[in-house]
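Text of the file work_35.cif, holding mmCIF, C-alpha atoms (C1' of nucleotides):
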data_input
loop_
_atom_site.label_atom_id
_atom_site.label_comp_id
_atom_site.auth_asym_id
_atom_site.auth_seq_id
_atom_site.Cartn_x
_atom_site.Cartn_y
_atom_site.Cartn_z
CA MET K 1430 -34.77 -3.10 7.70
CA ARG K 1431 -33.98 -4.88 10.87
CA PRO K 1432 -30.96 -4.13 13.04
CA PHE K 1433 -27.65 -4.82 11.40
CA PHE K 1434 -25.45 -7.74 12.07
CA HIS K 1435 -22.45 -6.95 14.22
CA PRO K 1436 -19.87 -9.60 14.96
CA SER K 1437 -18.99 -10.14 18.59
CA ILE K 1438 -15.49 -9.45 19.83
CA GLU K 1439 -14.36 -13.04 19.83
CA ASP K 1440 -15.42 -13.42 16.22
CA LEU K 1441 -13.21 -10.61 14.98
CA ARG K 1442 -10.65 -11.74 12.46
CA PRO K 1443 -7.48 -9.78 11.77
CA GLU K 1444 -7.70 -10.41 8.03
CA ALA K 1445 -11.13 -8.81 7.90
CA ILE K 1446 -9.92 -5.76 9.80
CA LEU K 1447 -6.83 -5.39 7.65
CA HIS K 1448 -8.83 -5.86 4.50
CA ALA K 1449 -11.38 -3.28 5.58
CA LEU K 1450 -8.68 -0.74 6.37
CA SER K 1451 -6.56 -1.51 3.31
CA ASP K 1452 -8.86 0.70 1.30
CA PRO K 1453 -7.91 4.38 1.73
CA ASP K 1454 -11.52 5.54 1.53
CA ARG K 1455 -12.67 3.12 4.17
CA ALA K 1456 -9.65 3.92 6.31
CA ALA K 1457 -10.46 7.62 6.05
CA ILE K 1458 -14.08 6.99 6.95
CA PHE K 1459 -13.08 4.89 9.91
CA ALA K 1460 -10.47 7.39 11.03
CA ARG K 1461 -13.11 10.06 11.01
CA ILE K 1462 -15.55 8.00 13.00
CA ALA K 1463 -12.84 6.91 15.40
CA THR K 1464 -11.51 10.38 16.11
CA GLN K 1465 -14.88 12.10 16.21
CA GLY K 1466 -16.45 9.38 18.28
CA CYS K 1467 -19.53 9.26 16.14
CA VAL K 1468 -20.65 10.25 12.70
CA GLY K 1469 -24.06 10.19 11.20
CA SER K 1470 -22.91 9.00 8.21
CA CYS K 1471 -22.99 8.54 4.51
CA SER K 1472 -24.14 11.71 2.83
CA ARG K 1473 -22.35 13.72 5.43
CA LEU K 1474 -19.10 11.98 4.62
CA ALA K 1475 -19.67 12.04 0.90
CA ALA K 1476 -19.65 15.81 0.87
CA LEU K 1477 -16.37 16.20 2.72
CA GLY K 1478 -13.83 15.18 0.11
CA GLU K 1479 -13.35 16.77 -3.26
CA ARG K 1480 -13.92 13.42 -4.88
CA VAL K 1481 -17.53 12.29 -4.77
CA ILE K 1482 -18.08 8.79 -3.48
CA PRO K 1483 -21.39 7.43 -4.78
CA LYS K 1484 -23.77 6.46 -2.04
CA SER K 1485 -24.01 2.85 -3.10
CA SER K 1486 -20.26 2.65 -2.64
CA LEU K 1487 -20.48 4.35 0.73
CA SER K 1488 -23.13 1.91 1.77
CA SER K 1489 -20.96 -1.05 0.93
CA HIS K 1490 -17.95 0.55 2.60
CA PHE K 1491 -19.95 0.82 5.80
CA LYS K 1492 -21.04 -2.74 5.41
CA VAL K 1493 -17.45 -3.90 5.14
CA LEU K 1494 -16.46 -1.86 8.19
CA ARG K 1495 -19.44 -3.18 10.12
CA GLU K 1496 -18.82 -6.81 9.27
CA ALA K 1497 -15.16 -6.48 10.11
CA GLY K 1498 -16.35 -5.34 13.54
CA LEU K 1499 -14.86 -1.89 13.19
CA VAL K 1500 -18.03 0.13 13.50
CA ARG K 1501 -21.44 -0.19 15.03
CA SER K 1502 -24.35 1.18 12.99
CA GLU K 1503 -27.76 2.01 14.38
CA ARG K 1504 -30.62 3.71 12.74
CA GLN K 1505 -31.52 7.03 14.26
CA GLY K 1506 -34.61 8.32 12.58
CA VAL K 1507 -33.90 8.63 8.90
CA GLU K 1508 -30.20 8.46 9.14
CA MET K 1509 -27.54 6.25 10.54
CA ARG K 1510 -25.44 6.59 13.60
CA ASN K 1511 -22.03 4.99 13.25
CA SER K 1512 -19.64 4.59 16.12
CA ALA K 1513 -16.19 3.05 16.20
CA ARG K 1514 -15.67 -0.06 18.29
CA CYS K 1515 -12.13 0.98 19.15
CA ALA K 1516 -12.16 0.03 22.78
CA GLU K 1517 -13.45 -3.48 22.15
CA ILE K 1518 -11.01 -4.08 19.33
CA ASP K 1519 -8.11 -2.71 21.27
CA GLN K 1520 -8.93 -5.14 24.03
CA ARG K 1521 -8.86 -8.02 21.60
CA PHE K 1522 -5.94 -6.87 19.43
CA PRO K 1523 -3.97 -4.42 21.53
CA GLY K 1524 -2.31 -1.59 19.64
CA LEU K 1525 -3.60 -2.64 16.25
CA LEU K 1526 -5.94 0.24 15.49
CA PRO K 1527 -3.69 2.98 16.86
CA ALA K 1528 -0.79 1.65 14.80
CA ILE K 1529 -2.84 1.55 11.62
CA LEU K 1530 -4.40 4.97 12.09
CA ASN K 1531 -1.00 6.36 12.94
CA ALA K 1532 0.51 4.81 9.82
CA TYR K 1533 -2.09 6.49 7.66
CA ALA K 1534 -1.54 9.75 9.49
CA MET K 1535 2.22 9.51 8.92
CA SER K 1536 1.94 8.59 5.30
CA GLY K 1537 0.78 11.37 3.11
CA GLY K 1538 -0.16 13.35 6.17
CA GLY K 1539 -3.29 14.90 4.74
CA ASP K 1540 -3.29 12.41 1.90
CA VAL K 1541 -6.19 10.54 3.37
CA LYS K 1542 -8.61 13.38 3.45
CA LEU K 1543 -12.29 12.94 3.31
CA MET N 1177 15.83 -11.91 -14.56
CA ARG N 1178 17.49 -8.93 -13.06
CA PRO N 1179 17.18 -7.78 -9.49
CA PHE N 1180 13.69 -7.19 -8.28
CA PHE N 1181 12.10 -3.87 -7.66
CA HIS N 1182 11.95 -2.89 -4.01
CA PRO N 1183 10.26 0.32 -2.94
CA SER N 1184 12.26 2.63 -0.76
CA ILE N 1185 11.13 3.42 2.75
CA GLU N 1186 9.57 6.75 1.96
CA ASP N 1187 7.50 5.17 -0.79
CA LEU N 1188 5.82 2.69 1.52
CA ARG N 1189 2.08 3.08 1.64
CA PRO N 1190 0.00 1.78 4.54
CA GLU N 1191 -2.76 0.55 2.24
CA ALA N 1192 -0.31 -1.65 0.37
CA ILE N 1193 1.02 -3.13 3.61
CA LEU N 1194 -2.46 -3.75 4.98
CA HIS N 1195 -3.61 -5.24 1.74
CA ALA N 1196 -0.60 -7.54 1.57
CA LEU N 1197 -1.15 -8.75 5.12
CA SER N 1198 -4.92 -9.03 4.81
CA ASP N 1199 -4.44 -12.37 3.14
CA PRO N 1200 -3.89 -15.11 5.72
CA ASP N 1201 -1.49 -17.01 3.49
CA ARG N 1202 0.64 -13.98 2.85
CA ALA N 1203 0.48 -13.01 6.50
CA ALA N 1204 1.65 -16.48 7.46
CA ILE N 1205 4.48 -16.35 4.94
CA PHE N 1206 5.54 -12.95 6.19
CA ALA N 1207 5.28 -13.99 9.82
CA ARG N 1208 7.55 -16.89 9.07
CA ILE N 1209 10.10 -14.76 7.32
CA ALA N 1210 9.91 -12.12 10.00
CA THR N 1211 10.38 -14.47 12.91
CA GLN N 1212 13.00 -16.66 11.26
CA GLY N 1213 14.90 -13.72 9.88
CA CYS N 1214 15.22 -15.28 6.49
CA VAL N 1215 13.60 -17.98 4.42
CA GLY N 1216 14.68 -19.37 1.14
CA SER N 1217 11.49 -19.52 -0.01
CA CYS N 1218 8.67 -20.81 -2.11
CA SER N 1219 8.89 -24.56 -2.41
CA ARG N 1220 10.13 -24.72 1.11
CA LEU N 1221 7.08 -22.87 2.33
CA ALA N 1222 4.71 -24.75 0.09
CA ALA N 1223 5.54 -28.01 1.80
CA LEU N 1224 4.91 -26.77 5.34
CA GLY N 1225 1.15 -26.54 5.47
CA GLU N 1226 -1.27 -29.34 4.86
CA ARG N 1227 -2.85 -27.33 2.10
CA VAL N 1228 -0.73 -27.12 -1.01
CA ILE N 1229 -0.24 -23.62 -2.36
CA PRO N 1230 0.59 -23.75 -6.07
CA LYS N 1231 3.89 -22.19 -6.93
CA SER N 1232 2.42 -19.63 -9.27
CA SER N 1233 0.34 -18.40 -6.35
CA LEU N 1234 3.36 -18.36 -4.07
CA SER N 1235 5.26 -16.40 -6.64
CA SER N 1236 2.58 -13.74 -6.80
CA HIS N 1237 2.26 -13.69 -3.00
CA PHE N 1238 5.95 -12.88 -2.79
CA LYS N 1239 5.53 -10.26 -5.42
CA VAL N 1240 2.80 -8.57 -3.41
CA LEU N 1241 4.89 -8.70 -0.23
CA ARG N 1242 7.89 -7.34 -2.10
CA GLU N 1243 6.04 -4.48 -3.71
CA ALA N 1244 4.42 -3.54 -0.44
CA GLY N 1245 7.96 -3.23 0.88
CA LEU N 1246 7.55 -6.01 3.40
CA VAL N 1247 10.25 -8.32 2.14
CA ARG N 1248 13.46 -8.08 0.20
CA SER N 1249 14.12 -10.84 -2.31
CA GLU N 1250 17.48 -11.68 -3.77
CA ARG N 1251 18.48 -14.53 -5.94
CA GLN N 1252 20.93 -16.85 -4.29
CA GLY N 1253 22.02 -19.37 -6.84
CA VAL N 1254 18.99 -21.20 -8.04
CA GLU N 1255 16.71 -20.17 -5.25
CA MET N 1256 15.49 -17.05 -3.58
CA ARG N 1257 16.50 -15.47 -0.34
CA ASN N 1258 13.70 -13.50 1.27
CA SER N 1259 14.20 -11.30 4.27
CA ALA N 1260 11.72 -9.17 6.17
CA ARG N 1261 12.23 -5.41 6.16
CA CYS N 1262 10.83 -5.12 9.67
CA ALA N 1263 13.33 -2.63 11.03
CA GLU N 1264 12.90 -0.20 8.15
CA ILE N 1265 9.12 -0.43 8.28
CA ASP N 1266 9.02 -0.06 12.02
CA GLN N 1267 11.01 3.10 11.67
CA ARG N 1268 8.51 4.49 9.18
CA PHE N 1269 5.33 3.15 10.80
CA PRO N 1270 6.16 2.45 14.42
CA GLY N 1271 4.36 -0.46 15.99
CA LEU N 1272 2.46 -1.43 12.88
CA LEU N 1273 4.03 -4.77 12.10
CA PRO N 1274 4.24 -5.99 15.70
CA ALA N 1275 0.57 -5.14 16.21
CA ILE N 1276 -0.50 -6.98 13.07
CA LEU N 1277 1.60 -10.05 13.72
CA ASN N 1278 0.40 -10.08 17.28
CA ALA N 1279 -3.21 -9.85 16.15
CA TYR N 1280 -2.78 -12.87 13.94
CA ALA N 1281 -1.03 -14.70 16.74
CA MET N 1282 -3.89 -13.90 19.12
CA SER N 1283 -6.58 -14.86 16.69
CA GLY N 1284 -6.80 -18.53 16.04
CA GLY N 1285 -3.45 -18.99 17.65
CA GLY N 1286 -2.23 -21.70 15.33
CA ASP N 1287 -4.87 -20.79 12.81
CA VAL N 1288 -2.35 -19.19 10.57
CA LYS N 1289 -0.12 -22.16 10.14
CA LEU N 1290 2.01 -22.71 7.14
"C1'" DC C 1371 -51.45 10.02 1.00
"C1'" DC C 1372 -47.58 12.40 -1.14
"C1'" DC C 1373 -43.12 13.95 -1.01
"C1'" DA C 1374 -38.38 14.36 0.48
"C1'" DT C 1375 -34.36 12.38 2.56
"C1'" DA C 1376 -31.11 8.48 3.97
"C1'" DG C 1377 -29.62 4.32 2.81
"C1'" DT C 1378 -29.89 -0.56 0.75
"C1'" DT C 1379 -30.16 -3.76 -3.01
"C1'" DC C 1380 -29.82 -5.16 -7.77
"C1'" DG C 1381 -27.26 -6.03 -11.86
"C1'" DG C 1382 -23.85 -5.56 -15.28
"C1'" DA C 1383 -19.19 -3.86 -16.38
"C1'" DA C 1384 -14.40 -3.55 -14.87
"C1'" DA C 1385 -10.67 -5.12 -12.02
"C1'" DA C 1386 -8.29 -8.38 -9.04
"C1'" DT C 1387 -7.23 -13.31 -7.85
"C1'" DC C 1388 -6.35 -18.14 -8.56
"C1'" DG C 1389 -3.86 -21.81 -10.57
"C1'" DG C 1390 -2.34 -24.91 -14.40
"C1'" DA C 1391 0.79 -25.01 -18.27
"C1'" DA C 1392 4.54 -23.15 -20.51
"C1'" DC C 1393 8.63 -20.62 -20.12
"C1'" DT C 1394 13.24 -18.75 -18.08
"C1'" DA C 1395 17.42 -18.98 -15.07
"C1'" DG C 1396 20.98 -21.18 -12.67
"C1'" DT C 1397 23.70 -25.46 -11.62
"C1'" DG C 1398 25.92 -29.63 -12.31
"C1'" DA C 1399 27.29 -33.50 -15.03
"C1'" DA C 1400 28.67 -36.00 -19.21
"C1'" DT L 891 28.23 -27.70 -25.39
"C1'" DT L 892 24.29 -30.06 -24.45
"C1'" DC L 893 21.16 -32.44 -21.40
"C1'" DA L 894 18.70 -32.71 -17.28
"C1'" DC L 895 17.05 -31.00 -12.95
"C1'" DT L 896 15.40 -27.54 -9.82
"C1'" DA L 897 13.49 -22.88 -8.48
"C1'" DG L 898 10.70 -19.48 -9.83
"C1'" DT L 899 8.20 -16.36 -13.21
"C1'" DT L 900 4.88 -15.35 -16.80
"C1'" DC L 901 0.87 -16.18 -19.47
"C1'" DC L 902 -3.87 -16.69 -19.80
"C1'" DG L 903 -8.50 -18.31 -19.02
"C1'" DA L 904 -11.89 -19.05 -15.20
"C1'" DT L 905 -13.73 -17.50 -11.07
"C1'" DT L 906 -14.37 -13.93 -7.66
"C1'" DT L 907 -14.55 -9.29 -6.04
"C1'" DT L 908 -15.30 -4.40 -6.59
"C1'" DC L 909 -17.49 -0.42 -8.47
"C1'" DC L 910 -21.41 2.46 -9.26
"C1'" DG L 911 -25.89 3.87 -11.56
"C1'" DA L 912 -30.63 2.84 -11.21
"C1'" DA L 913 -34.34 1.04 -8.75
"C1'" DC L 914 -36.14 0.07 -4.39
"C1'" DT L 915 -37.15 0.46 0.92
"C1'" DA L 916 -37.62 2.91 5.21
"C1'" DT L 917 -38.60 6.91 8.07
"C1'" DG L 918 -40.51 11.48 8.98
"C1'" DG L 919 -43.08 15.43 7.89
"C1'" DG L 920 -46.94 18.16 5.76
#
If you took the structure in this file and wrote it as structure tokens, what would it be?
Amino acid sequence: MRPFFHPSIEDLRPEAILHALSDPDRAAIFARIATQGCVGSCSRLAALGERVIPKSSLSSHFKVLREAGLVRSERQGVEMRNSARCAEIDQRFPGLLPAILNAYAMSGGGDVKL
Amino acid sequence: MRPFFHPSIEDLRPEAILHALSDPDRAAIFARIATQGCVGSCSRLAALGERVIPKSSLSSHFKVLREAGLVRSERQGVEMRNSARCAEIDQRFPGLLPAILNAYAMSGGGDVKL
DNA sequence: CCCATAGTTCGGAAAATCGGAACTAGTGAA
DNA sequence: TTCACTAGTTCCGATTTTCCGAACTATGGG
């Protein structure tokens, strides 16, 4: 399994970002990665919520986030290290991520828990 | 056909807004309504781009925008008057809409033309 | 090598989207 | 009233996307 594909900054498309974050699970995953800086990843996240997200679903969620340019994934031994590309994205689309994360935080408050 | 359903401010969900605007066509429609204040609607929009959007698709696009709380639609004689609910949304989710519209404007520039 | 863990890929079922054709609503005219 | 025209919605089948269990791949120890 060779290194993953990560789009470069100039290839980021707003529709992909919005689509990726329009799913509450993915948004929660991303929020977690973004606020904690780094999360090593799937199974660790799966255990956090009361609802179990199957690992094949988690895998595809990460793929969507990755291909939207939201996270960077690197293999670290057996597991995965995911980091948010907030700074890069904020440079390209200023204020977008903060506004979205804030909107989710406002709405429901703890509704998006994972 | 009685008045449409419009969610109230406190019922707005970020995922619905992001989903609605994650489609470039819908985003372009909304951007137009938002910047022009008001657009009376479907067939008028359909003619603007070089690509023809069928009216059944336009109708469902408006439905998605409406139910996400992004636009308000009222019948005005034989046609429809659509207005953006920017102020209300910005009060609930500050900065969200400007950031998204700006992101689309940045990306592609005229890419999202309609 | 064998086993365990972390994650990806495959494949079929369920859900969402697209768009043409038919239908409904409002308006004006005869 | 009835006919015609326009604006938009609804219906429904075809295509596309999403979901998730099962099978597979990769890495690291014993």
- Query: Between L:DT907, L:DT896, L:DT891, L:DT915, which has the minimum distance to chain K (counting only C-alpha atoms (C1' of nucleotides))?
  - Reply: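 Answer, going by the shortest atom-to-atom distance: L:DT915.
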Under the rule of at most 9 Å, produce a per-residue listing of chain C near chain N: chain, number, name, the closest pair of atoms, and the distance in Å, as CSV, using all atoms listed in the file.
residue,atom,partner,partner_atom,distance
C:DC1388,C1',N:Ser1233,CA,7.1
C:DG1389,C1',N:Pro1230,CA,6.6
C:DG1390,C1',N:Ser1232,CA,8.8
C:DT1394,C1',N:Met1177,CA,8.1
C:DA1395,C1',N:Met1177,CA,7.3
C:DG1396,C1',N:Val1254,CA,5.0
C:DT1397,C1',N:Val1254,CA,7.3
- Message: What are the residues of chain L lining chain N at 12 Å or less? Count only C-alpha atoms (C1' of nucleotides), and put the answer as a VMD selection string.
- Response: chain L and resid 895 to 901
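Evaluated against the shown file, the PyMOL selection byres ((chain K) within 8 of (chain N)) gives Arg1442, Pro1443, Glu1444, Ala1445, Ile1446, Leu1447, His1448, Leu1450, Ser1451, Asp1452, Pro1453, Phe1522, Pro1523, Gly1524, Leu1525, Ala1528, Ile1529, Asn1531, Ala1532, Tyr1533, Met1535 and Ser1536 of chain K.
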- Message: Between atom C1' of L:DC914 and atom CA of K:Leu1494, what is the distance in Å, rounded to a tenth?
- Response: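 According to the coordinates, atom C1' of L:DC914 and atom CA of K:Leu1494 are separated by 23.4 Å.
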- Computed interatomic separation between atom CA of K:His1490 and atom CA of K:Ile1458 (Å): 8.7 Å
- Message: Report as a list in words all protein, DNA and RNA residues lying within 8 Å of N:Leu1246, evaluated on all atoms listed in the file, omitting residues in the same chain fewer than 5 positions from it.
- Response: Ile1193, Phe1206, Leu1241, Ala1260, Arg1261, Cys1262 and Ile1265 of chain N
- Message: From (-45.2, 12.8, -0.2), in the file's coordinates, out to 10 Å: which residues are reached, counting all atoms listed in the file? Answer as number ranges by chain.
- Response: C: 1371-1374; L: 919-920
